[in-house]
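K.L.:
Okay, here's the structure, questions in a sec.
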Amino acid sequence: MAMITTQRSVSGSSQNPKSPSAPFLFVSVTDPVKLGNGVQAYISYRVITKTNLPEYQGPEKIVIRRYSDFVWLRDRLFERYKGIFIPPIPEKSAVEKFRFSAEFIEMRRQALDIFVNRIASHPQLQKSEELRTFLQVEEETMEAARSQETGIFKKKPSDLMQIFKDVQNKVSDVVLGKEKPVEESNPEYEKLKHYIFELEDHLAEAQKHAFRLVKRHRELGQSLSDFGKAIKLLGACEGQSLGKAFSELGAKSEMLSSKLQKEAHNLLMNFEEPLKDYVRAVQSIKATIAERASAFRQQCELAETIKLKEINLDRLMLTRSDRVGEAELEYKELKAESEEATQRFETIVRLMNEEIVRFQEQKTYDMGFTFHEFAKGQAKLANDIAAAWRSLLPKLEACSSSHA
Amino acid sequence: MMGSENHGFEEAHLFASREEMESLILDEPWNGKSFADYHSAMSSSLADTHHPLSPPTVVVEPGDDPLLSSSPRFRDRRNPNLSDNSFVEPPSYADVIFSPLGDENPDSNGVESLSPDSVKSGNLSRSASSSSDYLKITVSNPVKEQETTNSLVPGGNTYVTYLITTRTNMPDFGGSEFSVRRRFRDVVTLADRLSESYRGFFVPPRPDKSVVESQVMQKQEFVEQRRVALEKYLCRLAAHPVIKKSEELKVFLQAWGKLPLPTTTDVASRMLDGAVKLPKQLFGESANVVAPHEVVQPAKGGRDLLRIFKELKQSVSNDWGGSKPSVVEEDKEFLEKKDKLQDLEQQLSNASQQAESIVKAQQDIGETMGELGLAFIKLTKFETEEAVFNCQRMRAADMKRVATAAVKASRFYRESNAQTVKHLDTLHEYLGLMLAVHGAFSDRSSALLTVQTLLSELSSLHSKAEKLEAASSKIFGGDKSRIRRAEELKETIKATEDAKYIAVREYERIKENNRSELERLDRERHNDFLAMMKGFVVNQVGYAEKMANVWAKVAEETSMYAKERS
């Protein structure tokens with residue numbers, strides 16, 4: 001059992017295991033490098049794995065990965081581990097020119113690092129073949145795996161059949177006037193769904209304001225800088241003690257401007273990003289909710305179909321039709337399928353119950369840390385501001401007394 | 001699970017209404033308890049015996065919506081909970097800043113305006129309380145009145161009058177408190193008379209006339225803006241050491257009924273009078289010498305068109321003519337000062353603009369911080385209501401801490417900004433004063449122009465006289481008309497000499513006024529700017545300290561998360 005690494009373990013830092021032989025798996029995503037040219041340009045990252053797990057090659061392995069590889073990992077895991085809240089990845093950038101800004105690259109790197117580490121510390125996901133592949137295989141193999149699974153070919157043949165069946169059923173439902181999809185009637189689960197959907201709205205709003213706050217810090221910083229310059233010029237014009245006072249004031253103002261820019265960056269990385277990450281996590285849960293709904297529907301439909309088949313089979317048996325054998329076979333197959341579907345659904349339910357506990361605890365912890373850092377940053381900024389202005393006061397006193 | 005659900009319901013009553021939630025709960029009754037709660041909550045995540053939120057003490061400050069109210073409030077001063085730190089604070093500027101620089105109450109009509117007077121009064125330069133030249137003016141109570149006579153517009157014209165209240169201990173006024181009603185037109189008259197009587201002084205410029213349509217004239221906002229502007233203007237007049245003692249101002253402030261100052265006639269009729277005079281002057285039918293009492297006034301805008309022409313000719317020859325006029329602006333010190341002031345004006349304008357941008361940036365950040373706080377409050381309420389797990393309640397409590405701090409910080413930004421505006425306003429004030437300086441300097445140059453013109457005229461009169469002398473000496477006995485002309489010329493020369501004498505005296509007077517005003521400007525500017533800087537800095541320090549305390553507390557309360565991580 002690997003140790004649970006906390007989500008933001010600093011890249012490359014190692015937590016000392018309780019005993020030398022305790023299994024561990026540490027991953028870090030580092031060194032973003034721009035590769036390629038023009039429209040084809042992309043960022044590649046170094047993914048360093050340090051582990052003593054037998055399934056992995058050697059104590060340390062370094063591979064090169066790009067964003068779409070991370071997407072592949074996420075998609076594969078989502079397909080395979082239904083019911084588990086797959087950790088979210090950062091979004092594709094909407095704005096072209098922002099794609100290669102230093103800030104964006106750093107934000108993305110941080111988010112990808114967190115993503116992989118969350119998988120590595122998840123009791124089930126950390127054992128997945130997909131993770132092993134992602135962390136171990138050479139780039140060519142990774143590229144092959146990635147391009148193989150694009151578009152409709154992502155789905156296995158049986159899944160394709162299911163898709164068609166779903167569409168069929170939906171159409172017939174609509175035709176028959178049964179438009180509303182079948183849903184679980186589980187009050188606790190309803191409450192959870194309602195909670196998740198509303199939580200996303202609240203969080204999105206908080207994140208929006210957090211982002212604005214970053215901007216405001218930058219704007220204040222800029223205006224302090226402009227003000228400082230203007231005051232210095234005024235000082236140059238005045239000359240003598242007054243001029244000196246002005247230029248000191250201007251200098252302080254400029255100095256504080258850079259502190260504000262720093263805090264703006266800090267806020268972006270350590271306050272706004274975590275909030276965005278929280279939103280993404282909630283969205284991931286929504287995806288799992290959809291999976292559960294789909295599994296439930298499948299189970300219900302199969303149950304319906306079985307009933308019909310049972311009736312049909314009985315009828316055939318009564319009439320001693322020669323199609324009984326065929327029908328019996330079909331019935332057996334369907335029964336197996338139905339059991340499978342029920343299993344799938346129940347697994348999802350079980351996993352979700354575990355996951356939601358994990359999720360809530362993790363989030364309390366994550367947010368607690370985020371709030372702590374936020375408060376620390378703001379306190380430090382305010383203290384710096386107070387100290388800077390305070391240091392001016394004796395000088396101003398000296399000015400007025402010398403003039404008087 | 002059932003247990004925690006019950007608790008959930010309890011809490012739902014705490015924050016029963018959204019309004020309660022949003023009318024800020026600044027009290028933090030669980031101050032010392034929080035740590036203990038956390039530890040016990042952390043250790044027993046499922047069996048929650050300890051309620052993380054201590055017994056409810058919801059303090060709702062009535063009508064205190066942190067974001068909707070725009071006026072700065074000092075209620076915090078009286079809120080004992082604000083200084084609820086358990087450790088002894090060293091004396092800080094956080095307390096100092098609560099001594100207001102000016103009246104904080106935005107509702108009263110007699111708001112002390114942001115005049116240099118009010119800014120200075122709290123500080124170094126002059127305290128008028130000891131000497132007997134205290135003069136405080138307030139403008140209030142705008143009232144719509146009807147034009148009774150000479151109404152060109154059928155149906156009557158309406159205008160607004162303001163109540164001008166004066167409080168003073170100056171003996172000249174013969175009273176300590178009195179009021180009159182004046183309309184804006186009266187202020188224009190006052191301003192014009194002052195600019196005539198006080199040439200060379202930095203006469204504060206009056207508020208603009210504002211060419212707007214009558215509908216806008218009556219709108220409340222416009223009237224209020226004008227009231228404020230008028231009050232500022234009159235206070236500036238009262239702050240001027242010379243003008244405050246002027247007869248014009250006294251009459252304006254005290255004389256009942258119609259303002260007994262000669263009214264400003266409009267330019268057109270003046271030009272008309274001048275045009276009537278011109279032919280007479282050209283044909284020598286009336287004295288074309290500037291009368292002494294007119295010499296002391298600039299020609300521009302005057303009735304004497306001929307004088308305008310002459311002075312224009314002079315100024316052209318000054319600029320383009322080959323020879324220098326006999327009297328020029330020689331005072332080097334003055335010229336240096338003038339250049340410096342021009343430079344100063346430019347820098348002031350720039351600084352004034354940047355000051356505005358700081359104020360805006362501070363306002364914006366305060367607003368956003370407040371919105372963030374509100375968003376977290378909503379989240380807190382939501383998590384609390386929907387809580388299934390104990391960790392959710394813990395999270396809600398953490399969020400609440402942050403939300404409360406954010407709303408407090410937002411308030412601090414707003415309050416701090418209100419003070420910043422007042423302090424940095426000094427820059428705007430001095431920028432406005434530059435207008436007065438320009439006026440004073442143009443008084444000087446137009447007086448100089450008058451002198452130069454008269455001198456040129458004298459020299460041309462003298463040469464005419466000489467020519468006449470030479471001509472008449474050739475002819476024995478001379479004829480009557482020539483003698484008469486010589487006599488007339490002598491008289492003209494004498495009158496021009498008198499005018500020149502007066503003009504020179506006026507010019508010197510104005511120069512002296514300029515000099516003393518410049519000295520006063522330097523002195524007062526030095527003091528005012530220093531006071532501005534001090535005030536600005538002290539304010540920034542005070543509020544930064546307050547904000548630091550608020551956030552430090554949250555950091556402390558959430559410090560267990562940091563410890564776990566390391």
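Every chain in the structure tokens has a letter given in the order shown (A, B, ...), and although residue numbers restart at 1 in each chain, ligands are simply numbered from 1 in the order shown.
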Taking only C-alpha atoms into account, which residues of chain A are within 7 Å of chain B, as a ChimeraX atom specification?
P.N.:
/A:195,202,205-206,209-210,212-213,216-217,219-220,223-224,226-227,230-231,233-234,237,242,360-361,364-365,368-369,371-372,375-376,378-379,382-383,385-386,389-390,393,396,400
K.L.:
For the residues selected in the previous step, produce a file with C-alpha atoms as a short mmCIF file (atom, residue, chain, number, x, y, z; two decimals), in the first residue's frame.
P.N.:
data_model
loop_
_atom_site.label_atom_id
_atom_site.label_comp_id
_atom_site.auth_asym_id
_atom_site.auth_seq_id
_atom_site.Cartn_x
_atom_site.Cartn_y
_atom_site.Cartn_z
CA TYR A 195 -25.57 19.12 -3.47
CA HIS A 202 -21.23 28.42 -5.61
CA GLU A 205 -18.74 32.22 -8.27
CA ALA A 206 -16.09 32.21 -5.59
CA HIS A 209 -14.17 36.68 -7.66
CA ALA A 210 -10.84 35.19 -6.74
CA ARG A 212 -10.90 39.27 -10.24
CA LEU A 213 -9.04 39.82 -7.02
CA ARG A 216 -7.28 44.07 -8.86
CA HIS A 217 -3.95 43.47 -7.18
CA GLU A 219 -4.16 47.12 -11.20
CA LEU A 220 -3.39 48.58 -7.80
CA SER A 223 -1.37 52.60 -10.30
CA LEU A 224 1.05 52.70 -7.37
CA ASP A 226 2.46 55.35 -11.96
CA PHE A 227 1.72 57.41 -8.90
CA ALA A 230 4.51 61.16 -10.93
CA ILE A 231 5.30 62.06 -7.34
CA LEU A 233 8.73 64.12 -10.88
CA LEU A 234 6.80 66.51 -8.67
CA CYS A 237 10.25 70.11 -9.56
CA LEU A 242 9.92 69.07 0.14
CA GLN A 360 -15.15 15.65 1.40
CA GLU A 361 -12.27 14.98 3.75
CA THR A 364 -11.71 20.20 3.79
CA TYR A 365 -8.03 19.67 4.06
CA GLY A 368 -8.04 24.67 4.87
CA PHE A 369 -4.53 24.83 3.52
CA PHE A 371 -7.25 29.52 3.13
CA HIS A 372 -4.26 29.45 5.39
CA ALA A 375 -4.56 34.65 4.80
CA LYS A 376 -0.81 34.43 5.21
CA GLN A 378 -2.64 38.94 2.57
CA ALA A 379 -1.25 39.46 6.06
CA ALA A 382 -0.47 44.31 4.54
CA ASN A 383 2.48 44.17 6.90
CA ILE A 385 2.69 47.98 3.15
CA ALA A 386 2.47 49.21 6.72
CA TRP A 389 4.86 53.67 4.77
CA ARG A 390 5.80 53.72 8.42
CA LEU A 393 7.16 59.07 8.79
CA LEU A 396 8.47 63.56 6.91
CA SER A 400 8.49 69.85 8.56
#
K.L.:
Please determine, counting only C-alpha atoms, which residue among B:Leu518, B:Leu435, B:Val228, B:Ile502 has the shortest atom-to-atom distance to Thr450 (chain B).
P.N.:
B:Ile502
K.L.:
With distances taken over only C-alpha atoms, which of A:Ser44, A:Gln126, A:Thr347, A:Gln207 is nearest to Pro274 (chain A)?
P.N.:
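Going through A:Ser44, A:Gln126, A:Thr347, A:Gln207 one by one, the smallest distance to Pro274 (chain A) is for A:Gln207.
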K.L.:
To one decimal place, how far is CA of His462 (chain B) from CA of Ala486 (chain B) in Å?
P.N.:
11.0 Å
K.L.:
DSSP on the backbone: what in region 50-293 of chain A comes out alpha helix (DSSP H), as an MDAnalysis selection string?
P.N.:
chainID A and resid 67:80 102:120 129:136 139:148 157:176 187:238 240:267 273:293
K.L.:
How many Å separate CA of Arg108 (chain A) from CA of Val39 (chain A)?
P.N.:
19.1 Å
K.L.:
Take CA of Phe222 (chain B) and CA of Asp208 (chain B) and report the distance between them in Å, one decimal.
P.N.:
12.3 Å
